[in-house]
file model.pdb (PDB, C-alpha atoms)
ATOM      1  CA  MET A  13       0.000   0.000   0.000
ATOM      2  CA  VAL A  14       2.866   2.371   0.859
ATOM      3  CA  LEU A  15       4.614   1.420  -2.371
ATOM      4  CA  LEU A  16       1.467   2.118  -4.378
ATOM      5  CA  THR A  17       1.186   5.555  -2.793
ATOM      6  CA  MET A  18       4.845   6.230  -3.664
ATOM      7  CA  MET A  19       4.089   5.287  -7.275
ATOM      8  CA  ALA A  20       1.142   7.670  -7.386
ATOM      9  CA  VAL A  21       3.286  10.538  -6.036
ATOM     10  CA  LEU A  22       6.035   9.781  -8.545
ATOM     11  CA  THR A  23       3.538   9.784 -11.400
ATOM     12  CA  ALA A  24       2.334  13.221 -10.295
ATOM     13  CA  ALA A  25       5.985  14.352 -10.373
ATOM     14  CA  ILE A  26       6.329  13.028 -13.934
ATOM     15  CA  VAL A  27       3.216  14.939 -14.992
ATOM     16  CA  VAL A  28       4.432  18.227 -13.493
ATOM     17  CA  GLN A  29       8.145  18.023 -14.391
ATOM     18  CA  ARG A  30       9.060  19.806 -17.627
ATOM     19  CA  ASN A  31      12.767  18.965 -17.943
ATOM     20  CA  LEU A  32      12.831  15.919 -20.231
ATOM     21  CA  PHE A  33      16.012  14.439 -18.752
ATOM     22  CA  ALA A  34      14.470  14.544 -15.271
ATOM     23  CA  VAL A  35      11.306  12.935 -16.667
ATOM     24  CA  VAL A  36      13.342  10.048 -18.098
ATOM     25  CA  VAL A  37      15.102   9.518 -14.739
ATOM     26  CA  PHE A  38      11.733   9.632 -12.953
ATOM     27  CA  ALA A  39      10.353   7.094 -15.426
ATOM     28  CA  SER A  40      13.267   4.781 -14.612
ATOM     29  CA  ILE A  41      12.643   5.108 -10.853
ATOM     30  CA  TYR A  42       8.961   4.510 -11.550
ATOM     31  CA  SER A  43       9.793   1.240 -13.319
ATOM     32  CA  PHE A  44      11.917   0.046 -10.387
ATOM     33  CA  LEU A  45       9.101   0.897  -7.964
ATOM     34  CA  MET A  46       6.729  -1.011 -10.223
ATOM     35  CA  ALA A  47       9.089  -4.010 -10.111
ATOM     36  CA  THR A  48       9.129  -3.825  -6.291
ATOM     37  CA  VAL A  49       5.331  -3.705  -6.188
ATOM     38  CA  LEU A  50       5.221  -6.745  -8.479
ATOM     39  CA  VAL A  51       7.513  -8.694  -6.107
ATOM     40  CA  ALA A  52       5.168  -7.772  -3.257
ATOM     41  CA  LEU A  53       2.301  -9.112  -5.378
ATOM     42  CA  ASP A  54       4.121 -12.474  -5.863
ATOM     43  CA  ALA A  55       4.755 -11.862  -9.565
ATOM     44  CA  VAL A  56       8.505 -12.547  -9.448
ATOM     45  CA  ASP A  57       8.941 -13.380 -13.126
ATOM     46  CA  VAL A  58       7.130 -10.221 -14.180
ATOM     47  CA  ALA A  59       9.154  -8.154 -11.698
ATOM     48  CA  MET A  60      12.439  -9.408 -13.147
ATOM     49  CA  THR A  61      11.293  -8.587 -16.666
ATOM     50  CA  GLU A  62      10.058  -5.146 -15.618
ATOM     51  CA  ALA A  63      13.315  -4.314 -13.821
ATOM     52  CA  SER A  64      15.483  -5.313 -16.782
ATOM     53  CA  VAL A  65      13.274  -4.233 -19.681
ATOM     54  CA  GLY A  66      11.267  -1.372 -18.143
ATOM     55  CA  ALA A  67      13.903   0.247 -15.966
ATOM     56  CA  GLY A  68      16.939  -0.781 -18.014
ATOM     57  CA  MET A  69      16.236  -0.996 -21.740
ATOM     58  CA  SER A  70      13.491   1.625 -21.903
ATOM     59  CA  THR A  71      15.716   4.147 -20.119
ATOM     60  CA  VAL A  72      18.581   3.468 -22.514
ATOM     61  CA  LEU A  73      16.216   3.868 -25.494
ATOM     62  CA  LEU A  74      14.757   7.102 -24.103
ATOM     63  CA  LEU A  75      18.192   8.568 -23.353
ATOM     64  CA  GLY A  76      19.358   7.624 -26.830
ATOM     65  CA  ALA A  77      16.329   9.317 -28.357
ATOM     66  CA  LEU A  78      16.912  12.409 -26.187
ATOM     67  CA  TYR A  79      20.506  12.549 -27.459
ATOM     68  CA  LEU A  80      19.400  12.244 -31.075
ATOM     69  CA  THR A  81      16.586  14.782 -30.797
ATOM     70  CA  ARG A  82      18.378  17.169 -28.421
ATOM     71  CA  GLY A  83      15.077  17.810 -26.655
ATOM     72  CA  ASP A  84      15.390  19.270 -23.176
ATOM     73  CA  GLU A  85      12.539  21.530 -22.044
ATOM     74  CA  VAL A  86       8.880  20.880 -22.661
ATOM     75  CA  LYS A  87       6.939  24.023 -23.498
ATOM     76  CA  PRO A  88       4.307  25.191 -21.013
ATOM     77  CA  LEU A  89       0.742  24.238 -21.754
ATOM     78  CA  ARG A  90      -1.661  26.502 -23.572
ATOM     79  CA  ARG A  91      -5.020  24.889 -22.819
ATOM     80  CA  PRO A  92      -4.553  22.575 -19.840
ATOM     81  CA  LEU A  93      -8.211  22.567 -18.827
ATOM     82  CA  VAL A  94      -9.817  20.391 -21.528
ATOM     83  CA  PRO A  95      -7.511  17.346 -21.091
ATOM     84  CA  LEU A  96      -7.816  17.683 -17.316
ATOM     85  CA  VAL A  97     -11.603  17.542 -17.488
ATOM     86  CA  VAL A  98     -11.483  14.563 -19.885
ATOM     87  CA  ALA A  99      -9.046  12.745 -17.564
ATOM     88  CA  ILE A 100     -11.119  13.421 -14.433
ATOM     89  CA  VAL A 101     -14.373  12.313 -16.074
ATOM     90  CA  ILE A 102     -12.806   9.053 -17.312
ATOM     91  CA  GLY A 103     -11.198   8.495 -13.899
ATOM     92  CA  ALA A 104     -14.511   9.004 -12.088
ATOM     93  CA  ALA A 105     -16.273   6.594 -14.452
ATOM     94  CA  LEU A 106     -13.597   3.941 -13.865
ATOM     95  CA  VAL A 107     -13.673   4.392 -10.071
ATOM     96  CA  SER A 108     -17.442   3.943 -10.030
ATOM     97  CA  GLY A 109     -16.850   0.785 -12.084
ATOM     98  CA  THR A 110     -14.442  -0.649  -9.493
ATOM     99  CA  LEU A 111     -17.116  -0.586  -6.797
ATOM    100  CA  GLY A 112     -18.607  -3.722  -8.333
ATOM    101  CA  LEU A 113     -15.288  -5.598  -8.475
ATOM    102  CA  PRO A 114     -14.254  -8.180  -5.850
ATOM    103  CA  ALA A 115     -12.080  -6.858  -3.006
ATOM    104  CA  PHE A 116      -8.286  -7.292  -3.012
ATOM    105  CA  SER A 117      -7.194 -10.898  -2.295
ATOM    106  CA  ASP A 118     -10.708 -12.355  -2.232
ATOM    107  CA  PRO A 119     -10.195 -16.127  -2.711
ATOM    108  CA  GLN A 120     -13.692 -16.488  -4.183
ATOM    109  CA  ALA A 121     -13.062 -13.948  -6.962
ATOM    110  CA  PRO A 122     -13.725 -15.398 -10.450
ATOM    111  CA  ILE A 123     -10.043 -14.983 -11.361
ATOM    112  CA  HIS A 124      -9.090 -17.608  -8.739
ATOM    113  CA  ILE A 125     -11.733 -20.275  -9.388
ATOM    114  CA  HIS A 126     -11.552 -20.518 -13.183
ATOM    115  CA  VAL A 127      -8.868 -22.457 -15.171
ATOM    116  CA  VAL A 128      -6.056 -21.634 -12.721
ATOM    117  CA  PRO A 129      -6.734 -24.406 -10.132
ATOM    118  CA  ARG A 130      -6.265 -26.874 -12.969
ATOM    119  CA  TYR A 131      -2.908 -25.317 -13.932
ATOM    120  CA  LEU A 132      -1.759 -25.440 -10.313
ATOM    121  CA  ALA A 133      -2.883 -29.055  -9.859
ATOM    122  CA  GLU A 134      -1.878 -30.611 -13.186
ATOM    123  CA  SER A 135       0.966 -28.587 -14.706
ATOM    124  CA  LEU A 136       3.763 -30.323 -12.770
ATOM    125  CA  ARG A 137       2.545 -33.734 -13.953
ATOM    126  CA  GLU A 138       1.803 -32.609 -17.521
ATOM    127  CA  THR A 139       4.900 -30.515 -18.263
ATOM    128  CA  GLY A 140       7.422 -31.362 -15.559
ATOM    129  CA  VAL A 141       8.213 -27.693 -14.879
ATOM    130  CA  PRO A 142       7.715 -26.563 -11.255
ATOM    131  CA  ASN A 143       7.369 -22.876 -12.197
ATOM    132  CA  VAL A 144       3.744 -22.564 -13.270
ATOM    133  CA  VAL A 145       4.377 -19.260 -15.073
ATOM    134  CA  THR A 146       6.948 -20.959 -17.299
ATOM    135  CA  SER A 147       4.760 -23.969 -18.039
ATOM    136  CA  VAL A 148       1.745 -21.800 -18.911
ATOM    137  CA  LEU A 149       3.854 -19.433 -21.021
ATOM    138  CA  ALA A 150       5.685 -22.116 -22.970
ATOM    139  CA  SER A 151       3.179 -24.974 -23.142
ATOM    140  CA  TYR A 152      -0.445 -24.047 -22.507
ATOM    141  CA  ARG A 153      -0.276 -20.617 -24.134
ATOM    142  CA  GLY A 154       2.640 -21.127 -26.501
ATOM    143  CA  TYR A 155       0.820 -19.417 -29.380
ATOM    144  CA  ASP A 156       0.706 -16.183 -27.344
ATOM    145  CA  THR A 157       4.471 -16.247 -27.150
ATOM    146  CA  LEU A 158       4.691 -16.906 -30.894
ATOM    147  CA  GLY A 159       2.493 -13.859 -31.532
ATOM    148  CA  GLU A 160       4.635 -11.786 -29.178
ATOM    149  CA  THR A 161       7.750 -12.799 -31.083
ATOM    150  CA  ILE A 162       6.108 -11.723 -34.349
ATOM    151  CA  VAL A 163       5.245  -8.319 -32.831
ATOM    152  CA  VAL A 164       8.801  -7.797 -31.557
ATOM    153  CA  PHE A 165      10.212  -8.851 -34.932
ATOM    154  CA  THR A 166       7.931  -6.413 -36.765
ATOM    155  CA  ALA A 167       8.876  -3.583 -34.410
ATOM    156  CA  GLY A 168      12.577  -4.334 -34.844
ATOM    157  CA  ALA A 169      12.205  -4.393 -38.626
ATOM    158  CA  GLY A 170      10.335  -1.077 -38.434
ATOM    159  CA  VAL A 171      13.046   0.571 -36.344
ATOM    160  CA  ILE A 172      15.755  -0.608 -38.734
ATOM    161  CA  ALA A 173      13.767   0.597 -41.754
ATOM    162  CA  LEU A 174      13.207   4.045 -40.177
ATOM    163  CA  LEU A 175      16.754   4.664 -38.969
ATOM    164  CA  ARG A 176      18.497   3.179 -41.978
ATOM    165  CA  ARG A 177      16.903   5.616 -44.396
ATOM    166  CA  ARG A 178      18.198   8.422 -42.221
ATOM    167  CA  ARG A 179      21.761   7.169 -42.534
ATOM    168  CA  ARG A 180      21.627   7.132 -46.322
ATOM    169  CA  GLU A 181      20.322  10.695 -46.538
ATOM    170  CA  ASP A 182      22.788  12.041 -43.996
ATOM    171  CA  PRO A 183      26.269  10.622 -44.613
ATOM    172  CA  ARG A 184      27.749  12.389 -41.573
ATOM    173  CA  ARG A 185      26.248   9.813 -39.228
TER
ATOM    174  CA  MET B   2     -17.103  -1.832  -0.183
ATOM    175  CA  ASN B   3     -14.037  -1.122   1.972
ATOM    176  CA  VAL B   4     -11.198   1.277   1.240
ATOM    177  CA  ALA B   5      -8.325  -1.200   1.760
ATOM    178  CA  GLY B   6      -9.950  -3.778  -0.523
ATOM    179  CA  HIS B   7     -10.195  -1.382  -3.445
ATOM    180  CA  TYR B   8      -7.101   0.784  -2.896
ATOM    181  CA  SER B   9      -5.034  -1.040  -5.537
ATOM    182  CA  TYR B  10      -7.751  -0.445  -8.144
ATOM    183  CA  TRP B  11      -7.807   3.257  -7.389
ATOM    184  CA  VAL B  12      -4.041   3.700  -7.645
ATOM    185  CA  THR B  13      -4.199   1.779 -10.927
ATOM    186  CA  ILE B  14      -6.876   4.127 -12.203
ATOM    187  CA  PHE B  15      -4.905   7.182 -11.048
ATOM    188  CA  LEU B  16      -1.845   5.966 -12.975
ATOM    189  CA  MET B  17      -3.975   5.248 -16.034
ATOM    190  CA  VAL B  18      -5.637   8.668 -15.968
ATOM    191  CA  ALA B  19      -2.303  10.431 -15.377
ATOM    192  CA  GLY B  20      -0.840   8.641 -18.398
ATOM    193  CA  LEU B  21      -3.868   9.581 -20.479
ATOM    194  CA  TYR B  22      -3.558  13.217 -19.352
ATOM    195  CA  ILE B  23       0.107  13.341 -20.399
ATOM    196  CA  VAL B  24      -0.722  11.852 -23.798
ATOM    197  CA  ILE B  25      -3.504  14.380 -24.447
ATOM    198  CA  ALA B  26      -2.110  17.521 -22.837
ATOM    199  CA  ARG B  27       1.640  17.509 -23.502
ATOM    200  CA  GLY B  28       2.843  18.497 -26.957
ATOM    201  CA  ASN B  29       6.347  17.060 -26.651
ATOM    202  CA  LEU B  30       6.485  13.711 -28.451
ATOM    203  CA  VAL B  31       9.003  12.062 -26.083
ATOM    204  CA  LYS B  32       6.894  13.064 -23.099
ATOM    205  CA  LYS B  33       3.822  11.664 -24.857
ATOM    206  CA  LEU B  34       5.591   8.304 -25.224
ATOM    207  CA  ILE B  35       6.484   8.293 -21.513
ATOM    208  CA  GLY B  36       2.817   8.984 -20.739
ATOM    209  CA  LEU B  37       1.870   6.057 -22.946
ATOM    210  CA  GLY B  38       4.333   3.927 -20.961
ATOM    211  CA  ILE B  39       2.679   4.943 -17.673
ATOM    212  CA  PHE B  40      -0.704   4.041 -19.152
ATOM    213  CA  GLN B  41       0.735   0.639 -20.096
ATOM    214  CA  THR B  42       2.259  -0.072 -16.675
ATOM    215  CA  SER B  43      -1.066   0.777 -15.020
ATOM    216  CA  VAL B  44      -2.524  -2.110 -17.021
ATOM    217  CA  TYR B  45       0.143  -4.418 -15.508
ATOM    218  CA  LEU B  46      -1.122  -3.469 -12.049
ATOM    219  CA  LEU B  47      -4.733  -3.938 -13.154
ATOM    220  CA  TYR B  48      -3.942  -7.537 -14.126
ATOM    221  CA  ILE B  49      -1.490  -8.561 -11.396
ATOM    222  CA  ALA B  50      -3.102  -7.022  -8.286
ATOM    223  CA  PRO B  51      -6.319  -9.144  -8.385
ATOM    224  CA  GLY B  52      -4.182 -12.288  -8.800
ATOM    225  CA  LYS B  53      -2.497 -11.847  -5.406
ATOM    226  CA  LEU B  54      -3.712 -13.955  -2.495
ATOM    227  CA  ILE B  55      -2.660 -12.779   0.971
ATOM    228  CA  GLY B  56      -0.786 -15.685   2.559
ATOM    229  CA  GLY B  57      -0.024 -17.126  -0.874
ATOM    230  CA  THR B  58       3.392 -17.433  -2.478
ATOM    231  CA  ALA B  59       4.868 -17.035  -5.946
ATOM    232  CA  PRO B  60       3.544 -19.758  -8.283
ATOM    233  CA  VAL B  61       6.559 -22.101  -8.158
ATOM    234  CA  LEU B  62       5.291 -25.496  -7.075
ATOM    235  CA  ALA B  63       6.797 -27.020  -3.913
ATOM    236  CA  ASP B  64       5.518 -29.449  -1.334
ATOM    237  CA  SER B  65       5.766 -27.022   1.595
ATOM    238  CA  PHE B  66       3.288 -24.509   0.121
ATOM    239  CA  LYS B  67      -0.425 -24.900  -0.449
ATOM    240  CA  ILE B  68      -1.632 -21.439  -1.560
ATOM    241  CA  TYR B  69      -0.236 -19.835  -4.686
ATOM    242  CA  SER B  70      -0.969 -16.502  -6.304
ATOM    243  CA  ASN B  71      -2.638 -16.634  -9.695
ATOM    244  CA  PRO B  72      -0.032 -17.410 -12.434
ATOM    245  CA  LEU B  73      -2.199 -16.644 -15.468
ATOM    246  CA  PRO B  74      -2.037 -12.799 -15.277
ATOM    247  CA  HIS B  75       1.738 -13.052 -14.813
ATOM    248  CA  VAL B  76       2.033 -14.855 -18.138
ATOM    249  CA  LEU B  77      -0.137 -12.316 -19.956
ATOM    250  CA  ILE B  78       1.771  -9.361 -18.511
ATOM    251  CA  LEU B  79       5.182 -10.863 -19.337
ATOM    252  CA  THR B  80       4.061 -10.750 -22.960
ATOM    253  CA  ALA B  81       2.728  -7.202 -22.528
ATOM    254  CA  ILE B  82       6.019  -5.857 -21.108
ATOM    255  CA  VAL B  83       8.087  -7.153 -24.005
ATOM    256  CA  VAL B  84       5.586  -5.881 -26.575
ATOM    257  CA  GLY B  85       5.556  -2.540 -24.701
ATOM    258  CA  VAL B  86       9.282  -2.016 -25.057
ATOM    259  CA  ALA B  87       9.086  -2.982 -28.747
ATOM    260  CA  THR B  88       6.423  -0.359 -29.410
ATOM    261  CA  LEU B  89       8.392   2.206 -27.373
ATOM    262  CA  ALA B  90      11.447   1.572 -29.553
ATOM    263  CA  LEU B  91       9.354   1.972 -32.717
ATOM    264  CA  GLY B  92       7.791   5.188 -31.382
ATOM    265  CA  LEU B  93      11.162   6.676 -30.481
ATOM    266  CA  ALA B  94      12.521   5.814 -33.924
ATOM    267  CA  LEU B  95       9.550   7.683 -35.426
ATOM    268  CA  VAL B  96      10.278  10.664 -33.144
ATOM    269  CA  VAL B  97      13.915  10.721 -34.296
ATOM    270  CA  ARG B  98      12.776  10.727 -37.930
ATOM    271  CA  ILE B  99      10.218  13.484 -37.256
ATOM    272  CA  ARG B 100      12.863  15.596 -35.576
ATOM    273  CA  GLU B 101      15.074  15.253 -38.660
ATOM    274  CA  ALA B 102      12.269  16.132 -41.068
ATOM    275  CA  TYR B 103      10.789  19.041 -39.056
ATOM    276  CA  ASP B 104      13.663  20.032 -36.748
ATOM    277  CA  SER B 105      11.292  19.908 -33.783
ATOM    278  CA  ILE B 106       9.583  17.389 -31.509
ATOM    279  CA  GLU B 107       6.887  19.781 -30.293
ATOM    280  CA  GLU B 108       3.496  18.894 -31.729
ATOM    281  CA  ASP B 109       2.262  22.476 -32.292
ATOM    282  CA  GLU B 110       5.453  23.534 -34.102
ATOM    283  CA  ILE B 111       5.175  20.504 -36.398
ATOM    284  CA  LEU B 112       1.532  21.326 -37.201
ATOM    285  CA  GLU B 113       2.477  24.959 -37.835
ATOM    286  CA  LYS B 114       5.170  23.915 -40.324
ATOM    287  CA  ASP B 115       2.700  21.624 -42.084
ATOM    288  CA  ARG B 116       0.239  24.504 -42.437
ATOM    289  CA  GLY B 117       2.985  26.865 -43.624
ATOM    290  CA  GLU B 118       3.902  24.462 -46.407
ATOM    291  CA  GLU B 119       0.328  24.085 -47.579
ATOM    292  CA  ASP B 120      -0.626  27.776 -47.606
ATOM    293  CA  PRO B 121       1.294  29.068 -50.709
ATOM    294  CA  ARG B 122      -0.468  26.608 -53.000
TER
END

call {"tool": "encode", "arguments": {"input": "model.pdb", "output": "structure tokens"}}
result
Amino acid sequence: MVLLTMMAVLTAAIVVQRNLFAVVVFASIYSFLMATVLVALDAVDVAMTEASVGAGMSTVLLLGALYLTRGDEVKPLRRPLVPLVVAIVIGAALVSGTLGLPAFSDPQAPIHIHVVPRYLAESLRETGVPNVVTSVLASYRGYDTLGETIVVFTAGAGVIALLRRRRREDPRR
Amino acid sequence: MNVAGHYSYWVTIFLMVAGLYIVIARGNLVKKLIGLGIFQTSVYLLYIAPGKLIGGTAPVLADSFKIYSNPLPHVLILTAIVVGVATLALGLALVVRIREAYDSIEEDEILEKDRGEEDPR
């Protein structure tokens, strides 16, 4: 709960801060906090991925982009009111929606009584892997991972296509 | 309804709305992408937080534990994180190209230049 409050405060800092370098550093701290929250929520595999990919790789990518674009200060807002109203209205609608959701850590919530008991009971016998996350990722939902790989491949191809053209036009780099 | 039982949902929604606000309100393209990232990470919380069981442990099977947290959201979010960083890389590459074409990463300056080019015709 304390960690979640820290994340909320940090997000407010990201919204207010106008120096882009500071925003990138805040975003990195935010990712590490998120990884800590995920450990507290028992999602150790996700936390490891978030710490390495979210806090590590994303920060490197953002800093690289900042270097290439030489952006530093964000200009002050002209019409801050309209987006604020939109955000508050959507937030209020979502909060009223949560009132019907099961409370935190309710063992009778639908998420805990559907499909998952079978994974927990059978996956060790069926796949031989004690880590249920691994066995679900690689065996039961292997096609998800295939789709993910296709998305990452497409994104990588897109990045290469975009940045390569730049190099041909501008021989200095 | 009790406050402690729904607190994680509300922080999730705050993060989501803050990300949305950055995407709509800020004109700087890099800042917009960071806002999009915050929006994305709020979705991780939305999935993972309901999967936690107090008194449970991480879903690695062992004889000494009986209660495990829900592994299915973990799998889905692992995929989401990796896809998230791929889209971030693609977005930043686009921003670098835009900066080279327009010499700016501020949205209003880019729109102004577009209008300036169309007017003489």

call {"tool": "closest_residue", "arguments": {"input": "model.pdb", "among": "A:Gly170, A:Pro92, A:Gly159, A:Gly76", "to": "Thr80 in chain B", "atoms": "only C-alpha atoms"}}
result
A:Gly159

call {"tool": "atom_distance", "arguments": {"input": "model.pdb", "atom1": "CA of Ala63 in chain B", "atom2": "CA of Thr157 in chain A"}}
result
25.7 Å

call {"tool": "closest_residue", "arguments": {"input": "model.pdb", "among": "A:Leu75, A:Val37, A:Ala47, A:Val27", "to": "chain B", "atoms": "only C-alpha atoms"}}
result
A:Val27

call {"tool": "residues_around", "arguments": {"input": "model.pdb", "residues": "Met19 in chain A", "least_positions_apart": "5", "cutoff": "10 Å", "atoms": "only C-alpha atoms", "output": "list in words"}}
result
Met13, Val14, Ala24, Ala25, Ile41, Tyr42, Ser43, Phe44, Leu45, Met46 and Val49 of chain A; Val12, Thr13, Phe15 and Leu16 of chain B

call {"tool": "write_last_selection", "arguments": {"input": "model.pdb", "atoms": "C-alpha atoms", "output": "mmCIF file, keeping the file's coordinate frame"}}
result
data_model
loop_
_atom_site.group_PDB
_atom_site.id
_atom_site.type_symbol
_atom_site.label_atom_id
_atom_site.label_comp_id
_atom_site.auth_asym_id
_atom_site.auth_seq_id
_atom_site.Cartn_x
_atom_site.Cartn_y
_atom_site.Cartn_z
ATOM 1 C CA MET A 13 0.000 0.000 0.000
ATOM 2 C CA VAL A 14 2.866 2.371 0.859
ATOM 3 C CA ALA A 24 2.334 13.221 -10.295
ATOM 4 C CA ALA A 25 5.985 14.352 -10.373
ATOM 5 C CA ILE A 41 12.643 5.108 -10.853
ATOM 6 C CA TYR A 42 8.961 4.510 -11.550
ATOM 7 C CA SER A 43 9.793 1.240 -13.319
ATOM 8 C CA PHE A 44 11.917 0.046 -10.387
ATOM 9 C CA LEU A 45 9.101 0.897 -7.964
ATOM 10 C CA MET A 46 6.729 -1.011 -10.223
ATOM 11 C CA VAL A 49 5.331 -3.705 -6.188
ATOM 12 C CA VAL B 12 -4.041 3.700 -7.645
ATOM 13 C CA THR B 13 -4.199 1.779 -10.927
ATOM 14 C CA PHE B 15 -4.905 7.182 -11.048
ATOM 15 C CA LEU B 16 -1.845 5.966 -12.975
#

call {"tool": "atom_distance", "arguments": {"input": "model.pdb", "atom1": "CA of Leu62 in chain B", "atom2": "CA of His75 in chain B"}}
result
15.1 Å

call {"tool": "resolve_selection", "arguments": {"input": "model.pdb", "expression": "the PyMOL selection byres ((chain A and resi 64) around 12)", "output": "JSON list (two decimals) with C-alpha atoms, in the frame of the given file"}}
result
[["chain", "number", "residue", "atom", "x", "y", "z"],
["A", 40, "SER", "CA", 13.27, 4.78, -14.61],
["A", 43, "SER", "CA", 9.79, 1.24, -13.32],
["A", 44, "PHE", "CA", 11.92, 0.05, -10.39],
["A", 46, "MET", "CA", 6.73, -1.01, -10.22],
["A", 47, "ALA", "CA", 9.09, -4.01, -10.11],
["A", 57, "ASP", "CA", 8.94, -13.38, -13.13],
["A", 58, "VAL", "CA", 7.13, -10.22, -14.18],
["A", 59, "ALA", "CA", 9.15, -8.15, -11.70],
["A", 60, "MET", "CA", 12.44, -9.41, -13.15],
["A", 61, "THR", "CA", 11.29, -8.59, -16.67],
["A", 62, "GLU", "CA", 10.06, -5.15, -15.62],
["A", 63, "ALA", "CA", 13.32, -4.31, -13.82],
["A", 65, "VAL", "CA", 13.27, -4.23, -19.68],
["A", 66, "GLY", "CA", 11.27, -1.37, -18.14],
["A", 67, "ALA", "CA", 13.90, 0.25, -15.97],
["A", 68, "GLY", "CA", 16.94, -0.78, -18.01],
["A", 69, "MET", "CA", 16.24, -1.00, -21.74],
["A", 70, "SER", "CA", 13.49, 1.62, -21.90],
["A", 71, "THR", "CA", 15.72, 4.15, -20.12],
["A", 72, "VAL", "CA", 18.58, 3.47, -22.51],
["B", 79, "LEU", "CA", 5.18, -10.86, -19.34],
["B", 82, "ILE", "CA", 6.02, -5.86, -21.11],
["B", 83, "VAL", "CA", 8.09, -7.15, -24.00],
["B", 86, "VAL", "CA", 9.28, -2.02, -25.06]]

call {"tool": "resolve_selection", "arguments": {"input": "model.pdb", "expression": "the PyMOL selection byres ((chain B and resi 47-53) around 7)", "output": "mmCIF file with C-alpha atoms, in the coordinates of the input"}}
result
data_model
loop_
_atom_site.group_PDB
_atom_site.id
_atom_site.type_symbol
_atom_site.label_atom_id
_atom_site.label_comp_id
_atom_site.auth_asym_id
_atom_site.auth_seq_id
_atom_site.Cartn_x
_atom_site.Cartn_y
_atom_site.Cartn_z
ATOM 1 C CA LEU A 53 2.301 -9.112 -5.378
ATOM 2 C CA ASP A 54 4.121 -12.474 -5.863
ATOM 3 C CA PHE A 116 -8.286 -7.292 -3.012
ATOM 4 C CA SER A 117 -7.194 -10.898 -2.295
ATOM 5 C CA ILE A 123 -10.043 -14.983 -11.361
ATOM 6 C CA SER B 9 -5.034 -1.040 -5.537
ATOM 7 C CA TYR B 10 -7.751 -0.445 -8.144
ATOM 8 C CA THR B 13 -4.199 1.779 -10.927
ATOM 9 C CA SER B 43 -1.066 0.777 -15.020
ATOM 10 C CA VAL B 44 -2.524 -2.110 -17.021
ATOM 11 C CA TYR B 45 0.143 -4.418 -15.508
ATOM 12 C CA LEU B 46 -1.122 -3.469 -12.049
ATOM 13 C CA LEU B 54 -3.712 -13.955 -2.495
ATOM 14 C CA ILE B 55 -2.660 -12.779 0.971
ATOM 15 C CA SER B 70 -0.969 -16.502 -6.304
ATOM 16 C CA ASN B 71 -2.638 -16.634 -9.695
ATOM 17 C CA PRO B 74 -2.037 -12.799 -15.277
ATOM 18 C CA HIS B 75 1.738 -13.052 -14.813
#
